[in-house]
>>> print(open('upload-v1.txt').read())   # compact mmCIF, C-alpha atoms
# COMPACT_ATOMS: atom_id res chain seq x y z
CA MET P 3 136.64 113.04 -46.46
CA ASN P 4 134.39 115.17 -44.26
CA CYS P 5 133.87 115.22 -40.47
CA GLU P 6 130.83 112.99 -40.61
CA ILE P 7 132.64 110.19 -42.40
CA VAL P 8 135.77 110.61 -40.31
CA THR P 9 133.73 110.38 -37.10
CA GLU P 10 132.04 107.28 -38.42
CA LYS P 11 135.35 105.71 -39.39
CA LEU P 12 137.29 106.84 -36.35
CA GLU P 13 137.05 103.54 -34.49
CA ASP P 14 137.97 101.63 -37.64
CA TYR P 15 140.97 103.90 -37.86
CA PHE P 16 142.09 103.01 -34.35
CA ASP P 17 141.17 99.34 -34.67
CA ARG P 18 143.00 99.02 -37.99
CA PHE P 19 139.89 97.95 -39.80
CA ALA P 20 140.13 100.82 -42.26
CA SER P 21 141.72 100.28 -45.65
CA GLU P 22 145.00 101.92 -46.60
CA ASP P 23 143.18 104.54 -48.66
CA GLU P 24 140.80 105.30 -45.82
CA LEU P 25 143.66 105.56 -43.34
CA GLU P 26 145.43 108.05 -45.54
CA ALA P 27 142.28 110.10 -46.11
CA ILE P 28 141.47 110.14 -42.39
CA GLU P 29 144.98 111.25 -41.46
CA THR P 30 144.89 113.99 -44.05
CA HIS P 31 141.60 115.21 -42.63
CA LEU P 32 142.81 115.03 -39.03
CA ASN P 33 145.78 117.22 -39.88
CA THR P 34 143.47 120.00 -40.93
CA CYS P 35 140.41 119.56 -38.65
CA GLY P 36 140.68 120.53 -35.01
CA SER P 37 137.24 119.21 -34.20
CA CYS P 38 137.98 115.67 -35.38
CA ALA P 39 141.41 115.81 -33.77
CA GLN P 40 139.60 116.32 -30.47
CA ASN P 41 137.60 113.17 -31.12
CA VAL P 42 140.85 111.35 -31.68
CA GLU P 43 142.12 112.65 -28.39
CA GLU P 44 138.92 111.55 -26.71
CA HIS P 45 139.33 108.01 -28.05
CA ARG P 46 142.95 107.93 -26.95
CA ASN P 47 141.85 108.97 -23.47
CA TYR P 48 139.25 106.23 -23.53
CA LEU P 49 141.85 103.61 -24.44
CA SER P 50 144.15 104.93 -21.76
CA MET P 51 141.37 104.65 -19.18
CA ILE P 52 140.19 101.20 -20.17
CA GLN P 53 143.68 99.81 -20.03
CA ARG P 54 143.88 100.73 -16.37
CA PHE P 55 141.78 97.64 -15.82
CA ASP P 56 144.75 95.51 -14.93
CA VAL P 57 144.26 92.32 -12.97
CA GLU P 58 146.80 90.84 -10.64
CA PRO P 59 147.45 87.26 -11.78
CA LEU P 60 146.67 84.30 -9.58
CA THR P 61 149.49 82.54 -7.80
CA SER P 62 150.38 78.96 -8.69
CA GLY P 63 148.98 77.91 -5.32
CA GLU P 64 145.65 79.54 -6.08
CA ILE P 65 145.54 77.86 -9.49
CA ALA P 66 146.27 74.49 -7.90
CA ARG P 67 143.55 75.10 -5.33
CA PHE P 68 141.02 75.91 -8.06
CA LEU P 69 141.85 72.72 -9.92
CA ARG P 70 141.80 70.56 -6.81
CA LYS P 71 138.43 71.86 -5.75
CA ALA P 72 136.94 71.47 -9.24
CA LYS P 73 138.17 67.90 -9.56
CA SER P 74 136.98 66.96 -6.12
CA THR P 75 133.52 68.47 -6.62
CA ALA P 76 133.22 66.92 -10.09
CA SER P 77 134.04 63.50 -8.66
CA GLU P 78 131.40 63.82 -5.96
CA GLN P 79 128.78 65.03 -8.39
CA SER P 80 129.60 62.34 -10.93
CA VAL P 81 128.44 59.70 -8.48
CA ILE P 82 125.09 61.40 -8.16
CA ARG P 83 124.84 61.95 -11.89
CA ALA P 84 125.76 58.36 -12.54
CA GLN P 85 122.27 57.15 -11.83
CA HIS P 86 121.09 58.56 -15.14
CA MET P 87 123.73 56.92 -17.26
CA PHE P 88 125.29 54.13 -15.30
CA PHE P 89 123.44 51.24 -16.81
CA THR P 90 122.39 50.29 -20.25
CA LYS P 91 120.17 47.46 -21.11
CA GLY P 92 121.63 44.65 -23.16
CA PHE P 93 123.27 41.33 -23.01
CA VAL P 94 126.94 40.91 -23.76
CA ALA P 95 128.30 37.45 -23.16
CA ALA P 96 132.05 37.31 -23.70
CA SER P 97 132.76 40.67 -22.16
CA VAL P 98 130.85 40.13 -18.97
CA LEU P 99 132.88 39.72 -15.84
CA VAL P 100 130.35 39.32 -13.10
CA PHE P 101 126.83 38.11 -13.57
CA ALA P 102 124.31 38.61 -10.84
CA VAL P 103 120.67 37.77 -10.67
CA PHE P 104 118.66 39.81 -8.32
CA LEU P 105 114.97 39.25 -7.76
CA GLY P 106 112.45 41.82 -6.67
CA ASN P 107 111.45 42.82 -3.25
CA GLN P 108 108.54 40.48 -2.90
CA LEU P 109 110.64 37.44 -3.65
CA ILE P 110 113.30 38.66 -1.28
CA GLN P 111 110.76 39.06 1.46
CA GLN P 112 109.29 35.63 0.90
CA THR P 113 112.52 33.70 0.74
CA PRO P 114 115.43 33.62 3.22
CA VAL P 115 118.44 35.18 1.58
CA ASN P 116 121.14 32.83 2.80
CA ASP P 117 119.37 29.72 1.60
CA THR P 118 118.72 30.89 -1.90
CA VAL P 119 121.65 32.88 -3.17
CA THR P 120 124.48 30.99 -4.73
CA ILE P 121 127.54 32.57 -6.18
CA THR P 122 129.64 30.83 -8.72
CA GLN P 123 132.65 32.01 -10.58
CA GLN P 124 133.64 31.13 -14.09
CA THR P 125 136.87 31.99 -15.82
CA LEU P 126 136.72 32.29 -19.55
CA ASP P 127 139.39 31.42 -22.04
CA ASP P 128 141.96 33.76 -23.52
CA ASN P 129 139.77 35.11 -26.27
CA THR P 130 138.45 37.55 -23.73
CA GLU P 131 141.63 39.57 -23.84
CA THR P 132 140.20 42.07 -26.24
CA THR P 133 137.44 42.95 -23.87
CA SER P 134 139.30 42.98 -20.60
CA LYS P 135 141.79 45.74 -21.02
CA VAL P 136 144.43 46.44 -18.47
CA LEU P 137 146.76 49.21 -19.42
CA GLN P 138 149.35 50.82 -17.22
CA GLY P 139 147.64 49.79 -13.99
CA LEU P 140 144.15 50.68 -15.19
CA HIS P 141 141.92 47.61 -15.19
CA GLU P 142 138.55 47.59 -16.79
CA VAL P 143 135.98 45.55 -14.93
CA ASN P 144 132.58 44.91 -16.37
CA VAL P 145 129.71 44.02 -14.11
CA VAL P 146 126.35 42.86 -15.33
CA ILE P 147 123.43 42.81 -12.99
CA TYR P 148 120.52 40.81 -14.27
CA VAL P 149 117.08 41.47 -12.91
CA PRO P 150 113.82 39.74 -13.89
CA ARG P 151 111.83 42.97 -14.07
CA ASN P 152 112.22 46.72 -13.81
CA MET P 153 113.33 47.87 -10.38
CA MET P 154 113.23 51.57 -9.72
CA GLY P 155 115.23 53.35 -7.05
CA VAL P 156 117.73 50.62 -6.33
CA GLU P 157 120.59 51.68 -4.08
CA LEU P 158 123.99 50.32 -5.05
CA VAL P 159 127.03 50.48 -2.79
CA LEU P 160 130.57 49.46 -3.71
CA GLU P 161 133.15 49.00 -0.98
CA LEU P 162 136.68 48.90 -2.31
CA PRO P 163 139.81 47.65 -0.54
CA ASP P 164 142.39 50.33 0.26
CA TYR P 165 144.59 49.35 -2.64
CA ILE P 166 141.87 49.54 -5.28
CA ALA P 167 140.43 52.84 -6.52
CA ILE P 168 137.99 53.83 -9.20
CA ASP P 169 139.58 56.00 -11.87
CA GLY P 170 138.47 59.58 -11.36
CA LEU P 171 137.16 58.87 -7.86
CA GLU P 172 140.43 58.07 -6.18
CA GLU P 173 139.38 59.69 -2.93
CA LEU P 174 136.39 57.45 -2.41
CA GLN P 175 136.58 53.96 -0.95
CA ASN P 176 132.82 53.61 -0.58
CA ILE P 177 130.71 54.64 -3.54
CA SER P 178 126.95 54.65 -3.36
CA TRP P 179 124.27 55.87 -5.68
CA THR P 180 120.66 55.27 -6.53
CA THR P 181 119.65 54.00 -9.93
CA ASP P 182 116.98 52.18 -11.86
CA LEU P 183 117.58 48.65 -13.04
CA LEU P 184 115.73 47.60 -16.13
CA GLN P 185 114.49 44.12 -16.81
CA GLY P 186 117.31 42.02 -18.21
CA ALA P 187 120.99 42.81 -18.15
CA ASN P 188 122.28 46.10 -16.77
CA GLN P 189 125.92 46.82 -17.40
CA LEU P 190 128.33 48.71 -15.26
CA LEU P 191 131.86 49.54 -16.33
CA LEU P 192 134.40 50.00 -13.55
CA PRO P 193 137.81 51.37 -14.48
CA ILE P 194 139.85 50.41 -11.43
CA PHE P 195 143.35 51.23 -10.39
CA ILE P 196 145.39 48.80 -8.31
CA GLN P 197 148.30 50.14 -6.33
CA PRO P 198 151.75 48.89 -7.30
CA GLY P 199 153.12 46.13 -5.12
CA VAL P 200 149.82 44.34 -4.64
CA ASP P 201 149.92 40.61 -5.27
CA LEU P 202 148.01 40.25 -8.49
CA ASN P 203 147.89 36.47 -8.38
CA ARG P 204 145.53 36.27 -5.49
CA THR P 205 141.82 36.92 -5.52
CA HIS P 206 140.64 40.38 -4.56
CA THR P 207 137.23 41.19 -3.21
CA ILE P 208 134.95 44.12 -3.88
CA ALA P 209 131.81 44.21 -1.76
CA ALA P 210 128.68 45.25 -3.64
CA THR P 211 125.48 45.88 -1.74
CA ILE P 212 122.17 46.19 -3.53
CA GLY P 213 119.28 47.72 -1.63
CA TYR P 214 115.70 47.72 -2.81
CA LYS P 215 112.59 48.62 -0.85
CA ASN P 216 114.13 48.34 2.59
CA GLU P 217 115.84 45.07 1.74
CA SER P 218 119.50 44.80 0.98
CA ARG P 219 121.92 42.12 -0.07
CA THR P 220 125.68 42.13 -0.21
CA PHE P 221 127.65 40.32 -2.88
CA GLN P 222 131.34 39.67 -2.61
CA LEU P 223 132.67 40.17 -6.12
CA GLN P 224 135.74 37.99 -6.48
CA VAL P 225 138.23 39.53 -8.87
CA ASP P 226 141.06 37.38 -10.20
CA LEU P 227 144.12 39.13 -11.55
CA ASN P 228 146.57 37.04 -13.51
CA THR P 229 149.78 38.44 -14.84
CA ILE P 230 150.29 37.86 -18.53
CA GLN P 231 153.44 38.92 -20.27
CA ASP P 232 152.84 40.98 -23.37
CA SER P 233 155.78 41.23 -25.70
CA LYS P 234 154.79 44.66 -26.99
CA GLN P 235 153.81 46.50 -23.87
CA GLY P 236 155.74 44.73 -21.18
CA ALA P 237 154.00 43.33 -18.18
CA ASN P 238 150.35 43.94 -18.80
CA LEU P 239 147.56 42.44 -16.84
CA PHE P 240 144.37 40.90 -17.92
CA LEU P 241 141.33 40.41 -15.89
CA HIS P 242 139.71 37.14 -16.68
CA ASN P 243 136.06 37.45 -17.30
CA GLN P 244 134.08 36.10 -14.46
CA PHE P 245 130.47 35.38 -13.92
CA ILE P 246 128.84 35.41 -10.59
CA ASN P 247 125.43 33.88 -10.92
CA THR P 248 123.01 34.37 -8.16
CA SER P 249 119.65 32.78 -8.15
CA ILE P 250 116.87 32.61 -5.70
CA MET M 8 131.77 44.92 -25.32
CA ASN M 9 129.97 47.29 -27.65
CA GLY M 10 127.29 49.37 -26.08
CA ILE M 11 128.79 49.48 -22.66
CA VAL M 12 128.30 52.75 -20.93
CA SER M 13 131.03 53.92 -18.66
CA ILE M 14 130.78 56.95 -16.47
CA PHE M 15 134.37 56.82 -15.45
CA SER M 16 136.92 58.64 -17.50
CA ARG M 17 140.11 56.81 -18.25
CA THR M 18 142.01 60.08 -18.42
CA ARG M 19 144.25 60.72 -15.51
CA GLY M 20 143.63 63.85 -13.50
CA ASP M 21 147.11 65.21 -13.96
CA LYS M 22 146.63 65.37 -17.72
CA LEU M 23 143.55 67.49 -17.20
CA GLU M 24 145.52 69.79 -14.95
CA SER M 25 148.30 70.17 -17.46
CA ILE M 26 145.80 71.18 -20.13
CA LEU M 27 143.91 73.66 -17.97
CA SER M 28 146.66 75.22 -15.88
CA PRO M 29 148.20 77.44 -18.58
CA HIS M 30 144.83 79.10 -19.27
CA ILE M 31 143.51 79.70 -15.79
CA ASN M 32 145.12 83.09 -15.31
CA ASP M 33 143.75 84.37 -18.61
CA LEU M 34 140.31 83.07 -17.77
CA TYR M 35 140.50 84.65 -14.34
CA SER M 36 141.55 87.96 -15.85
CA GLN M 37 138.60 87.89 -18.22
CA ALA M 38 136.25 86.89 -15.43
CA TYR M 39 137.53 89.81 -13.38
CA CYS M 40 136.87 92.21 -16.24
CA TYR M 41 133.40 90.78 -16.74
CA LEU M 42 132.45 90.99 -13.09
CA GLY M 43 134.64 93.67 -11.57
CA ASP M 44 135.69 92.02 -8.33
CA LYS M 45 138.03 89.29 -7.19
CA HIS M 46 135.60 87.06 -5.38
CA SER M 47 133.01 86.98 -8.13
CA ALA M 48 135.76 86.29 -10.67
CA GLU M 49 137.08 83.42 -8.56
CA ASP M 50 133.58 81.97 -8.25
CA LEU M 51 133.04 82.20 -12.00
CA VAL M 52 136.36 80.51 -12.77
CA GLN M 53 135.68 77.81 -10.19
CA ASP M 54 132.28 77.25 -11.72
CA LEU M 55 133.85 77.01 -15.16
CA LEU M 56 136.48 74.51 -14.02
CA LEU M 57 133.84 72.33 -12.44
CA TYR M 58 131.88 72.43 -15.70
CA VAL M 59 135.00 71.53 -17.65
CA CYS M 60 136.04 68.72 -15.29
CA LYS M 61 132.70 67.08 -15.94
CA ARG M 62 133.41 67.19 -19.67
CA LYS M 63 136.91 65.81 -19.79
CA GLU M 64 136.20 63.83 -22.93
CA THR M 65 135.19 66.96 -24.82
CA LEU M 66 138.18 68.84 -23.54
CA LEU M 67 140.62 66.18 -24.69
CA THR M 68 139.34 66.30 -28.24
CA LEU M 69 139.97 70.03 -28.61
CA ASP M 70 143.12 71.62 -29.92
CA PRO M 71 143.49 74.44 -29.17
CA VAL M 72 141.35 74.36 -26.10
CA LYS M 73 141.41 78.02 -25.13
CA PRO M 74 138.67 79.29 -27.50
CA TRP M 75 136.29 76.71 -26.07
CA LEU M 76 137.20 77.66 -22.51
CA MET M 77 136.60 81.32 -23.33
CA GLN M 78 133.25 80.51 -24.88
CA CYS M 79 132.23 78.52 -21.82
CA LEU M 80 133.36 81.34 -19.54
CA TYR M 81 131.34 83.89 -21.48
CA HIS M 82 128.21 81.75 -21.44
CA ARG M 83 128.54 81.17 -17.72
CA PHE M 84 129.05 84.89 -17.18
CA VAL M 85 125.88 85.68 -19.13
CA ASP M 86 124.00 83.03 -17.17
CA SER M 87 125.23 84.41 -13.86
CA HIS M 88 124.36 87.94 -14.98
CA ARG M 89 120.81 86.90 -15.81
CA LYS M 90 120.41 85.25 -12.43
CA ARG M 91 121.39 88.31 -10.50
CA LYS M 92 120.47 91.12 -12.83
CA ARG M 93 118.00 92.40 -10.29
CA GLN M 94 120.76 92.73 -7.76
CA VAL M 95 122.53 95.92 -8.65
CA LYS M 96 125.99 95.61 -7.25
CA GLU M 97 128.13 98.67 -6.77
CA VAL M 98 131.82 98.22 -6.15
CA PRO M 99 132.60 100.36 -3.13
CA LEU M 100 135.30 102.94 -3.67
CA ASP M 101 137.13 101.79 -0.57
CA ASN M 102 137.22 98.17 -1.75
CA GLU M 103 140.39 96.87 -0.12
CA ASP M 104 140.90 94.21 -2.73
CA LEU M 105 141.30 96.84 -5.37
CA TYR M 106 144.01 98.62 -3.48
CA MET M 107 145.81 95.41 -2.77
CA GLU M 108 145.69 94.29 -6.38
CA SER M 109 146.77 97.54 -7.88
CA THR M 110 150.24 97.30 -9.33
CA GLU M 111 150.81 101.00 -8.92
CA THR M 112 150.73 102.96 -5.74
CA SER M 113 149.42 106.12 -7.30
CA LEU M 114 146.14 107.17 -5.74
CA GLU M 115 145.08 108.57 -9.06
CA HIS M 116 145.67 105.25 -10.77
CA GLN M 117 143.67 103.46 -8.10
CA TYR M 118 140.83 105.91 -8.34
CA MET M 119 140.71 105.68 -12.14
CA ARG M 120 140.84 101.91 -12.02
CA GLU M 121 137.91 101.77 -9.65
CA LYS M 122 136.08 104.21 -11.86
CA VAL M 123 136.59 101.91 -14.85
CA ILE M 124 135.36 98.92 -12.87
CA GLN M 125 132.26 100.76 -11.71
CA ASP M 126 131.44 102.09 -15.15
CA MET M 127 132.04 98.74 -16.85
CA ALA M 128 129.39 97.29 -14.55
CA LYS M 129 126.85 99.62 -16.15
CA LEU M 130 127.28 98.09 -19.59
CA THR M 131 125.29 95.18 -20.96
CA PRO M 132 126.97 91.76 -20.61
CA GLU M 133 127.63 91.69 -24.36
CA GLN M 134 129.25 95.13 -24.34
CA ARG M 135 131.34 94.21 -21.32
CA ALA M 136 132.51 91.00 -22.94
CA VAL M 137 133.37 92.65 -26.24
CA ILE M 138 135.29 95.49 -24.60
CA THR M 139 137.07 93.08 -22.29
CA LEU M 140 138.25 90.84 -25.07
CA PHE M 141 138.95 93.48 -27.70
CA ASP M 142 140.06 96.61 -25.86
CA ILE M 143 141.54 95.12 -22.70
CA GLU M 144 142.76 91.66 -23.65
CA GLY M 145 143.64 92.59 -27.21
CA TYR M 146 142.00 89.74 -29.10
CA SER M 147 141.27 90.19 -32.79
CA LEU M 148 137.79 90.84 -34.11
CA GLU M 149 137.68 87.30 -35.50
CA GLN M 150 138.67 85.79 -32.16
CA VAL M 151 136.09 87.85 -30.29
CA ALA M 152 133.38 86.88 -32.79
CA GLN M 153 134.32 83.22 -32.44
CA THR M 154 134.46 83.33 -28.66
CA LEU M 155 131.17 85.11 -28.24
CA GLN M 156 129.62 83.31 -31.20
CA MET M 157 128.49 86.55 -32.76
CA ALA M 158 128.76 87.95 -36.27
CA LYS M 159 131.64 90.38 -36.69
CA GLY M 160 129.17 93.17 -37.39
CA THR M 161 127.41 92.44 -34.11
CA VAL M 162 130.72 92.53 -32.27
CA LYS M 163 131.54 95.91 -33.80
CA SER M 164 128.11 97.20 -32.92
CA HIS M 165 128.46 96.17 -29.26
CA LEU M 166 131.96 97.60 -29.25
CA HIS M 167 130.82 100.96 -30.58
CA ARG M 168 127.89 101.26 -28.20
CA GLY M 169 129.91 100.12 -25.22
CA ARG M 170 132.71 102.56 -25.98
CA LYS M 171 130.25 105.39 -26.47
CA ARG M 172 128.65 104.64 -23.13
CA LEU M 173 131.98 104.40 -21.36
CA LYS M 174 133.27 107.62 -22.89
CA SER M 175 130.20 109.31 -21.52
CA LEU M 176 130.62 107.70 -18.09
CA PHE M 177 134.33 108.48 -18.02
CA ASN M 178 133.31 112.06 -18.56
CA LEU M 179 135.19 112.19 -21.83
CA GLN M 180 132.64 114.57 -23.18
CA PRO M 181 132.37 115.25 -26.90
CA ASN M 182 133.64 118.59 -27.96
CA ARG M 183 131.29 121.50 -28.45
CA GLU M 184 131.69 121.48 -32.18
CA ASN M 185 130.46 117.91 -32.45
CA GLU M 186 127.59 118.66 -30.09
CA ARG M 187 126.63 121.55 -32.34
CA LEU M 188 126.80 119.24 -35.35
CA GLY M 189 124.69 116.66 -33.55
CA ILE M 190 127.16 113.91 -34.30
CA TYR M 191 126.83 112.29 -30.91
CA LYS M 192 123.05 112.29 -31.20
CA GLY M 193 123.22 110.39 -34.44
CA LYS M 194 122.26 113.44 -36.51
CA TYR M 195 125.06 113.77 -38.98
CA THR M 196 125.44 117.13 -40.60
CA ARG M 197 127.65 117.69 -43.55
CA GLU M 198 130.29 120.36 -43.28
>>> encode(input="upload-v1.txt", output="structure tokens")
Amino acid sequence: MNCEIVTEKLEDYFDRFASEDELEAIETHLNTCGSCAQNVEEHRNYLSMIQRFDVEPLTSGEIARFLRKAKSTASEQSVIRAQHMFFTKGFVAASVLVFAVFLGNQLIQQTPVNDTVTITQQTLDDNTETTSKVLQGLHEVNVVIYVPRNMMGVELVLELPDYIAIDGLEELQNISWTTDLLQGANQLLLPIFIQPGVDLNRTHTIAATIGYKNESRTFQLQVDLNTIQDSKQGANLFLHNQFINTSI
Amino acid sequence: MNGIVSIFSRTRGDKLESILSPHINDLYSQAYCYLGDKHSAEDLVQDLLLYVCKRKETLLTLDPVKPWLMQCLYHRFVDSHRKRKRQVKEVPLDNEDLYMESTETSLEHQYMREKVIQDMAKLTPEQRAVITLFDIEGYSLEQVAQTLQMAKGTVKSHLHRGRKRLKSLFNLQPNRENERLGIYKGKYTRE
């Protein structure tokens, strides 16, 4: 092996990419060639230099701070981002918990709100268990907002009681975002957490305000929680599906 | 219930933390090598964590998760480099952070470390990443290729060019014999 090949293979030699035969040939050459031995020395010096790039590790407190900040910022941004993915058009009957009808701005302006909005609640039978999951304190609430036509730039606000939190947004009691509602049913999935110790047999209220073109309306979403004993998983909870129909 | 879109993850935050925590120091170390200073490295890691927190569902499907985190870090580093490539940033020799972070008290060690940081900043992002992962962090060629999503040959090419540039910047000059042979100019001459 000559100097040219050895120089070409020198990094492979150090990086252990060279074959056994090549390693042996290179070492034989290096034992007899002062010039190539200098190149070896140069590469060793390089490795010695580059490994001075040591980095002092972060403390556990710094790591925790990074994670806290990332989670907090992600939660805040998810609310803003939600407007692009919050709703999907469709109609799902058995899985719907709250059903609201909201008319457009012109109708709102023409008709007094208090006289026209009625809210009714309907509890479905037990075959809704598969769609209303409540696992380890996490309750899944489905809300369907029905609108007669497309409504762009609707502002939605949810006000939660202290003991109810949205999964992933635990810090926020008031959640607001702007979205577009499409004609027909618009679904919203709310994974909620209820603090231990809260009486699950009484009705809980989540205030939802819908604002559209300088008009707003607040709905009190009545949520019934009934304890149902599950032999496999212990005391699990099921949210009965509910419909709140509003009509104008 | 089919077709329902939920924006809320059902994964608890503490699970996310337990997945990410073991890797943060490694990611920070890489970020430091990419960028050369503490504050920029912290910003890059913070940016990465924010990106990851928004993609919890993806994260939870991965095992192991570290290669993906390293890929994301590299891509974010390249993005950040593009954004500020017109801003040539020199690490001052009296950077207090560097002295504080040095594990040795030797002035020579500190000086050499700063020299490495300054010279690394003169490499291309690809060369910096390859040298960081291969020469400093000690990952295998396969791991580097996977992380940077490059062919192994491309990794070796960046490695060779980056090393050559650094040797020159470190003032590890080629010997006179090789200069005479033209080896370092790419003109190979047979003995």
>>> interface_residues(input="upload-v1.txt", of="chain P", to="chain M", cutoff="6 Å", atoms="all atoms listed in the file", output="list in words")
Gln53, Arg54, Phe55, Val57, Glu58, Pro59, Ala72, Ala76, Ser97 and Leu191 of chain P
>>> closest_residue(input="upload-v1.txt", among="M:Lys22, M:Lys63, M:Lys159, M:Arg135", to="His88 in chain M", atoms="only C-alpha atoms")
M:Arg135
>>> atom_distance(input="upload-v1.txt", atom1="CA of Gln150 in chain M", atom2="CA of Asp14 in chain P")
16.8 Å
>>> atom_distance(input="upload-v1.txt", atom1="CA of Arg18 in chain P", atom2="CA of Pro71 in chain M")
26.1 Å
>>> residues_around(input="upload-v1.txt", residues="Gly155 in chain P", least_positions_apart="2", cutoff="6 Å", atoms="only C-alpha atoms", output="list of chain:residue names")
P:Thr180, P:Thr181, P:Asp182
>>> residues_near_point(input="upload-v1.txt", point="(127.3, 51.2, -5.8)", cutoff="6 Å", atoms="only C-alpha atoms", output="PDB file with C-alpha atoms, in the frame of the given file")
ATOM      1  CA  LEU P 158     123.990  50.320  -5.050  1.00  0.00           C
ATOM      2  CA  VAL P 159     127.030  50.480  -2.790  1.00  0.00           C
ATOM      3  CA  LEU P 160     130.570  49.460  -3.710  1.00  0.00           C
ATOM      4  CA  ILE P 177     130.710  54.640  -3.540  1.00  0.00           C
ATOM      5  CA  SER P 178     126.950  54.650  -3.360  1.00  0.00           C
ATOM      6  CA  TRP P 179     124.270  55.870  -5.680  1.00  0.00           C
TER       7      TRP P 179
END
>>> atom_distance(input="upload-v1.txt", atom1="CA of Tyr165 in chain P", atom2="CA of Ile196 in chain P")
5.8 Å
